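This report refers to the structure that appears directly beneath it.
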Amino acid sequence: MRWKFDDSTLRIVPRSTQFAPKTVRNPQLPAAALQFSPLELNPSFPLDIVLDGERDDRPITQLHIHDALEIGCCLEGSGTFYIGSKILPFHAGDVTVITDREYHRCRSSPGTRSRWAWFFLHPPRLLVPHATSALLWEPERFSGPQFRNVLSPAAHPAIAQLAQQLIAESHQNDAHVRTNLRALCLVLLNTLHRRFPKSRGRAKADHSARALARIAPALQLIAGHFQEPLTIPALAAACAMSVRNFQLQFTRLMGCSPQTHLLQSRIQAAAALLADHDRAITEIAFSCGFNTLSSFNRAFKAMHKMNPRQYRQGRHAEV
């Protein structure tokens, strides 16, 4: 069920039952495409709500990016989220925070469908001056290689509780719903800023849609073929750049080298498989592009500060 808020009344009216948010343009694109999908939000109340979103297990063929903040809550199911350079597992109860700086898409676990509630908003236009006279909104805190966009209720109980309150309030239909939704969004944003303080001394990556388009072919290749023996010259050629220029542009835009991005993608994919599937660790290592188990173990431990077996045991303990 998707809602928008009608200007003439405070009544909530249905708008669309499509799984994906309605966008200005939403053409059929080839495999592994990157798409900028601007949203149509009500100027007087720029908050769009989807309460019965679904995702199936079909392979990811398109990553998109919006001109709004996307807050999601997984109501049922599990799967994998592809966000920028990150591959992150999700489970029921998890909250996702995705800004207008990162391409993304999610896929449910094989043979399943996941159910979602989504909130799309322009924070300054929604909250100032209606809910606050001044708003702290620094989206760079919530994007980039270091930010884990999928927040579990175990690690972030306050954020998960606020997301559930947003969902509950969205089902209301009275004169108070706009005020209450604004108030809850304000508390949620303030809680996020408190939980994720501004980083110091770290170079900021440029994640704008226009800038990322320069290296989009390389991102597509890595996202769809990270398990294959990709080379830097091949990635540079896909972007019609020299190897040197490609490495410089990629590092400036993504905040890490192409080699590091590829390695992180393989490790994140492996982490998702370790969390969701009871497959042999050796099989997971080979399926994610590692030639030996020892190289996989070293790379995994360098990123997660524990070996794959310990990581799997920790995820099972959380469940």
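By order in the structure tokens, chains are A, B, ...; within a chain, residues start at 1; ligands start at 1, following the order shown.
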message = At a cut-off of 12 Å, using only C-alpha atoms, what residues contact Phe226 (chain A)? Leave out same-chain residues fewer than 3 positions from it and give the result as a PyMOL selection string.
response = chain A and resi 85-87+218-223+229-231+235+258-270+286-290
Written selection (N, CA and C atoms) as a PDB file, in the first residue's frame:
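Okay, selection_3.pdb is ready:
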```pdb
ATOM      1  N   SER A  85      29.494   0.404  -3.095  1.00  0.00           N
ATOM      2  CA  SER A  85      30.511  -0.649  -3.134  1.00  0.00           C
ATOM      3  C   SER A  85      30.250  -1.750  -2.125  1.00  0.00           C
ATOM      4  N   LYS A  86      29.106  -1.704  -1.462  1.00  0.00           N
ATOM      5  CA  LYS A  86      28.853  -2.614  -0.344  1.00  0.00           C
ATOM      6  C   LYS A  86      27.825  -3.682  -0.713  1.00  0.00           C
ATOM      7  N   ILE A  87      28.023  -4.880  -0.157  1.00  0.00           N
ATOM      8  CA  ILE A  87      27.074  -5.977  -0.298  1.00  0.00           C
ATOM      9  C   ILE A  87      26.736  -6.402   1.124  1.00  0.00           C
ATOM     10  N   ALA A 218      32.485   0.443 -14.812  1.00  0.00           N
ATOM     11  CA  ALA A 218      33.328  -0.360 -13.924  1.00  0.00           C
ATOM     12  C   ALA A 218      32.540  -0.858 -12.718  1.00  0.00           C
ATOM     13  N   LEU A 219      31.702   0.010 -12.148  1.00  0.00           N
ATOM     14  CA  LEU A 219      30.868  -0.409 -11.020  1.00  0.00           C
ATOM     15  C   LEU A 219      29.917  -1.523 -11.418  1.00  0.00           C
ATOM     16  N   GLN A 220      29.388  -1.429 -12.642  1.00  0.00           N
ATOM     17  CA  GLN A 220      28.494  -2.473 -13.142  1.00  0.00           C
ATOM     18  C   GLN A 220      29.223  -3.802 -13.272  1.00  0.00           C
ATOM     19  N   LEU A 221      30.433  -3.761 -13.838  1.00  0.00           N
ATOM     20  CA  LEU A 221      31.206  -4.992 -14.002  1.00  0.00           C
ATOM     21  C   LEU A 221      31.529  -5.630 -12.657  1.00  0.00           C
ATOM     22  N   ILE A 222      31.940  -4.812 -11.688  1.00  0.00           N
ATOM     23  CA  ILE A 222      32.294  -5.352 -10.385  1.00  0.00           C
ATOM     24  C   ILE A 222      31.061  -5.906  -9.672  1.00  0.00           C
ATOM     25  N   ALA A 223      29.951  -5.173  -9.738  1.00  0.00           N
ATOM     26  CA  ALA A 223      28.728  -5.631  -9.062  1.00  0.00           C
ATOM     27  C   ALA A 223      28.216  -6.939  -9.647  1.00  0.00           C
ATOM     28  N   PRO A 229      37.807 -13.130 -12.625  1.00  0.00           N
ATOM     29  CA  PRO A 229      39.142 -12.509 -12.526  1.00  0.00           C
ATOM     30  C   PRO A 229      39.219 -11.180 -13.282  1.00  0.00           C
ATOM     31  N   LEU A 230      38.571 -10.160 -12.752  1.00  0.00           N
ATOM     32  CA  LEU A 230      38.583  -8.845 -13.386  1.00  0.00           C
ATOM     33  C   LEU A 230      39.943  -8.189 -13.232  1.00  0.00           C
ATOM     34  N   THR A 231      40.352  -7.445 -14.252  1.00  0.00           N
ATOM     35  CA  THR A 231      41.629  -6.737 -14.206  1.00  0.00           C
ATOM     36  C   THR A 231      41.389  -5.234 -14.274  1.00  0.00           C
ATOM     37  N   LEU A 235      38.691  -2.893 -16.537  1.00  0.00           N
ATOM     38  CA  LEU A 235      37.756  -1.939 -15.944  1.00  0.00           C
ATOM     39  C   LEU A 235      37.973  -0.543 -16.528  1.00  0.00           C
ATOM     40  N   PRO A 258      40.334   0.890  -7.151  1.00  0.00           N
ATOM     41  CA  PRO A 258      39.518  -0.170  -7.766  1.00  0.00           C
ATOM     42  C   PRO A 258      39.840  -1.547  -7.198  1.00  0.00           C
ATOM     43  N   GLN A 259      41.123  -1.801  -6.916  1.00  0.00           N
ATOM     44  CA  GLN A 259      41.496  -3.091  -6.350  1.00  0.00           C
ATOM     45  C   GLN A 259      40.832  -3.313  -4.997  1.00  0.00           C
ATOM     46  N   THR A 260      40.844  -2.266  -4.167  1.00  0.00           N
ATOM     47  CA  THR A 260      40.229  -2.380  -2.839  1.00  0.00           C
ATOM     48  C   THR A 260      38.727  -2.554  -2.949  1.00  0.00           C
ATOM     49  N   HIS A 261      38.106  -1.799  -3.866  1.00  0.00           N
ATOM     50  CA  HIS A 261      36.666  -1.916  -4.070  1.00  0.00           C
ATOM     51  C   HIS A 261      36.291  -3.339  -4.484  1.00  0.00           C
ATOM     52  N   LEU A 262      37.036  -3.926  -5.402  1.00  0.00           N
ATOM     53  CA  LEU A 262      36.763  -5.288  -5.857  1.00  0.00           C
ATOM     54  C   LEU A 262      36.923  -6.278  -4.712  1.00  0.00           C
ATOM     55  N   LEU A 263      37.994  -6.123  -3.930  1.00  0.00           N
ATOM     56  CA  LEU A 263      38.211  -7.020  -2.796  1.00  0.00           C
ATOM     57  C   LEU A 263      37.096  -6.884  -1.764  1.00  0.00           C
ATOM     58  N   GLN A 264      36.685  -5.632  -1.480  1.00  0.00           N
ATOM     59  CA  GLN A 264      35.600  -5.417  -0.523  1.00  0.00           C
ATOM     60  C   GLN A 264      34.303  -6.043  -1.015  1.00  0.00           C
ATOM     61  N   SER A 265      34.031  -5.933  -2.304  1.00  0.00           N
ATOM     62  CA  SER A 265      32.820  -6.519  -2.859  1.00  0.00           C
ATOM     63  C   SER A 265      32.812  -8.027  -2.679  1.00  0.00           C
ATOM     64  N   ARG A 266      33.957  -8.667  -2.894  1.00  0.00           N
ATOM     65  CA  ARG A 266      34.042 -10.117  -2.719  1.00  0.00           C
ATOM     66  C   ARG A 266      33.857 -10.513  -1.254  1.00  0.00           C
ATOM     67  N   ILE A 267      34.484  -9.760  -0.357  1.00  0.00           N
ATOM     68  CA  ILE A 267      34.362 -10.074   1.067  1.00  0.00           C
ATOM     69  C   ILE A 267      32.928  -9.863   1.544  1.00  0.00           C
ATOM     70  N   GLN A 268      32.291  -8.771   1.102  1.00  0.00           N
ATOM     71  CA  GLN A 268      30.920  -8.493   1.529  1.00  0.00           C
ATOM     72  C   GLN A 268      29.951  -9.543   0.993  1.00  0.00           C
ATOM     73  N   ALA A 269      30.171 -10.000  -0.233  1.00  0.00           N
ATOM     74  CA  ALA A 269      29.333 -11.068  -0.773  1.00  0.00           C
ATOM     75  C   ALA A 269      29.519 -12.349   0.031  1.00  0.00           C
ATOM     76  N   ALA A 270      30.749 -12.630   0.397  1.00  0.00           N
ATOM     77  CA  ALA A 270      31.010 -13.821   1.202  1.00  0.00           C
ATOM     78  C   ALA A 270      30.348 -13.711   2.575  1.00  0.00           C
ATOM     79  N   PHE A 286      35.563 -19.799  -3.005  1.00  0.00           N
ATOM     80  CA  PHE A 286      35.759 -19.950  -4.442  1.00  0.00           C
ATOM     81  C   PHE A 286      34.650 -19.269  -5.238  1.00  0.00           C
ATOM     82  N   SER A 287      33.419 -19.323  -4.732  1.00  0.00           N
ATOM     83  CA  SER A 287      32.298 -18.726  -5.457  1.00  0.00           C
ATOM     84  C   SER A 287      32.364 -17.207  -5.462  1.00  0.00           C
ATOM     85  N   CYS A 288      33.141 -16.615  -4.548  1.00  0.00           N
ATOM     86  CA  CYS A 288      33.269 -15.158  -4.480  1.00  0.00           C
ATOM     87  C   CYS A 288      34.561 -14.641  -5.104  1.00  0.00           C
ATOM     88  N   GLY A 289      35.276 -15.506  -5.818  1.00  0.00           N
ATOM     89  CA  GLY A 289      36.414 -15.032  -6.593  1.00  0.00           C
ATOM     90  C   GLY A 289      37.774 -15.245  -5.977  1.00  0.00           C
ATOM     91  N   PHE A 290      37.873 -15.958  -4.859  1.00  0.00           N
ATOM     92  CA  PHE A 290      39.174 -16.211  -4.240  1.00  0.00           C
ATOM     93  C   PHE A 290      39.746 -17.526  -4.761  1.00  0.00           C
TER      94      PHE A 290
END
```
query = Leaving out Leu69 (chain A) and any residue of its chain fewer than 3 positions from it, which residues lie within 6 Å of it when counting only C-alpha atoms, given as a list in words?
reply = Thr99, Phe120 and Leu121 of chain A
Next, the residues of the selection above should be written as a short mmCIF file (atom, residue, chain, number, x, y, z; two decimals), in the first residue's frame with C-alpha atoms.
```cif
data_model
loop_
_atom_site.label_atom_id
_atom_site.label_comp_id
_atom_site.auth_asym_id
_atom_site.auth_seq_id
_atom_site.Cartn_x
_atom_site.Cartn_y
_atom_site.Cartn_z
CA THR A 99 20.92 8.83 0.95
CA PHE A 120 11.13 8.65 1.07
CA LEU A 121 11.68 12.22 2.23
#
```
Can you write out as a Markdown table which residues of region 23-100 of chain A fall within 12 Å of region 175-181 of chain A, alongside each residue's closest atom pair and its distance in Å to one decimal, counting only C-alpha atoms and ordering rows by chain and ascending residue number?
```
| residue | atom | partner | partner_atom | distance |
| --- | --- | --- | --- | --- |
| A:Ser44 | CA | A:Arg178 | CA | 10.9 |
| A:Phe45 | CA | A:Arg178 | CA | 8.2 |
| A:Pro46 | CA | A:Arg178 | CA | 10.8 |
| A:Leu47 | CA | A:Leu181 | CA | 9.0 |
| A:Asp48 | CA | A:Leu181 | CA | 11.2 |
| A:Ile49 | CA | A:Leu181 | CA | 10.7 |
```
Just to be explicit: take each residue in the selection above, keep N, CA and C atoms, and write the result as a PDB file, in the first residue's frame.
```pdb
ATOM      1  N   SER A  44       4.365  20.327  -0.477  1.00  0.00           N
ATOM      2  CA  SER A  44       3.967  20.824   0.835  1.00  0.00           C
ATOM      3  C   SER A  44       4.198  19.802   1.952  1.00  0.00           C
ATOM      4  N   PHE A  45       4.364  18.545   1.576  1.00  0.00           N
ATOM      5  CA  PHE A  45       4.633  17.498   2.568  1.00  0.00           C
ATOM      6  C   PHE A  45       5.476  16.417   1.887  1.00  0.00           C
ATOM      7  N   PRO A  46       6.789  16.680   1.709  1.00  0.00           N
ATOM      8  CA  PRO A  46       7.644  15.789   0.923  1.00  0.00           C
ATOM      9  C   PRO A  46       8.032  14.511   1.647  1.00  0.00           C
ATOM     10  N   LEU A  47       7.029  13.679   1.874  1.00  0.00           N
ATOM     11  CA  LEU A  47       7.228  12.365   2.482  1.00  0.00           C
ATOM     12  C   LEU A  47       6.345  11.375   1.747  1.00  0.00           C
ATOM     13  N   ASP A  48       6.942  10.361   1.145  1.00  0.00           N
ATOM     14  CA  ASP A  48       6.217   9.316   0.426  1.00  0.00           C
ATOM     15  C   ASP A  48       6.372   8.024   1.209  1.00  0.00           C
ATOM     16  N   ILE A  49       5.278   7.271   1.381  1.00  0.00           N
ATOM     17  CA  ILE A  49       5.279   6.095   2.244  1.00  0.00           C
ATOM     18  C   ILE A  49       4.786   4.881   1.469  1.00  0.00           C
TER      19      ILE A  49
END
```
task = Give the helix (DSSP H, G or I) residues of region 7-204 of chain A, as DSSP finds them on the backbone, and put them as a PyMOL selection string.
result = chain A and resi 123-127+139-142+157-170+177-195
request  = Mind listing the strand (DSSP E or B) residues of region 74-247 of chain A, per DSSP on the backbone, as a PyMOL selection string?
outcome  = chain A and resi 74-76+78-83+86-91+95-98+104-108+114-121+150-151
ask   = region 81-84 of chain A: which residues within 6 Å, counting only C-alpha atoms, same-chain residues fewer than 6 positions away excluded, as a ChimeraX atom specification?
value = /A:102-106
task = Counting only C-alpha atoms, figure out which residue out of A:Gln249, A:Arg309, A:Gly53, A:His171 gets nearest to Arg214 (chain A).
result =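 Among A:Gln249, A:Arg309, A:Gly53, A:His171, it is A:Gln249 that comes nearest to Arg214 (chain A).
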Which residues, written as a tab-separated table (two decimals) with C-alpha atoms, in the first residue's frame, have at least one atom at most 10 Å from Phe147 (chain A), with only C-alpha atoms counted and residues fewer than 6 positions away on the same chain left out?
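Full text of selection.tsv as output:
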```tsv
chain	number	residue	atom	x	y	z
A	86	LYS	CA	28.85	-2.61	-0.34
A	97	VAL	CA	19.34	4.26	5.61
A	140	GLU	CA	27.75	12.44	4.11
A	141	ARG	CA	27.66	10.71	7.51
A	196	PHE	CA	27.00	8.25	13.74
```
request  = In Å, rounded to a single decimal, give me how far CA of Ser114 (chain A) is from CA of Gly77 (chain A).
outcome  =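 About the pair CA of Gly77 (chain A) and CA of Ser114 (chain A): they are 4.4 Å apart.
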request  = Using only C-alpha atoms, find the one residue out of A:Thr292, A:Asn42, A:Ser257, A:Thr80 that sits nearest to Asn245 (chain A).
outcome  = A:Ser257
message = Nearest residue to Glu138 (chain A) out of A:Asp57, A:Glu169, A:Asp100, A:Asp94, using only C-alpha atoms?
response =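 With only C-alpha atoms as the atom set, the closest residue is A:Asp100.
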Interatomic distance (Å, one decimal) between CA of Pro157 (chain A) and CA of Ile71 (chain A) =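 For CA of Pro157 (chain A) relative to CA of Ile71 (chain A), the distance reads 15.4 Å.
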ask   = Leaving out Arg194 (chain A) and any residue of its chain fewer than 3 positions from it, which residues lie within 12 Å of it when counting only C-alpha atoms, given as a VMD selection string?
value = chain A and resid 136 to 138 141 to 142 156 158 to 159 187 to 191 197 to 198
Tell me, as a PDB file with C-alpha atoms, in the first residue's frame, which residues lie within 9 Å of Pro110 (chain A), counting only C-alpha atoms; anything in the same chain fewer than 5 positions away does not count.
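Below is the file around37.pdb, written as the result:
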```
ATOM      1  CA  ASP A  56      11.739 -11.139  -4.844  1.00  0.00           C
ATOM      2  CA  ASP A  57      14.837 -13.227  -5.498  1.00  0.00           C
ATOM      3  CA  ARG A  58      15.414 -12.273  -9.115  1.00  0.00           C
ATOM      4  CA  GLY A  79      18.364 -11.259   1.543  1.00  0.00           C
TER       5      GLY A  79
END
```
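Closest approach to Gln35 (chain A) among A:Leu126, A:Asp52, A:Ala216, A:Pro153 is made by A:Ala216 (distances from only C-alpha atoms).
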message = Report, in Å to a single decimal, how far apart CA of Leu151 (chain A) and CA of Ile281 (chain A) are.
response =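 Interatomic distance, CA of Ile281 (chain A) to CA of Leu151 (chain A): 25.0 Å.
Of the listed residues A:Ser109, A:Gln146, A:Ala160, A:Ala236, the one whose atoms come nearest to Phe250 (chain A) is A:Ala236, with distances taken using only C-alpha atoms.
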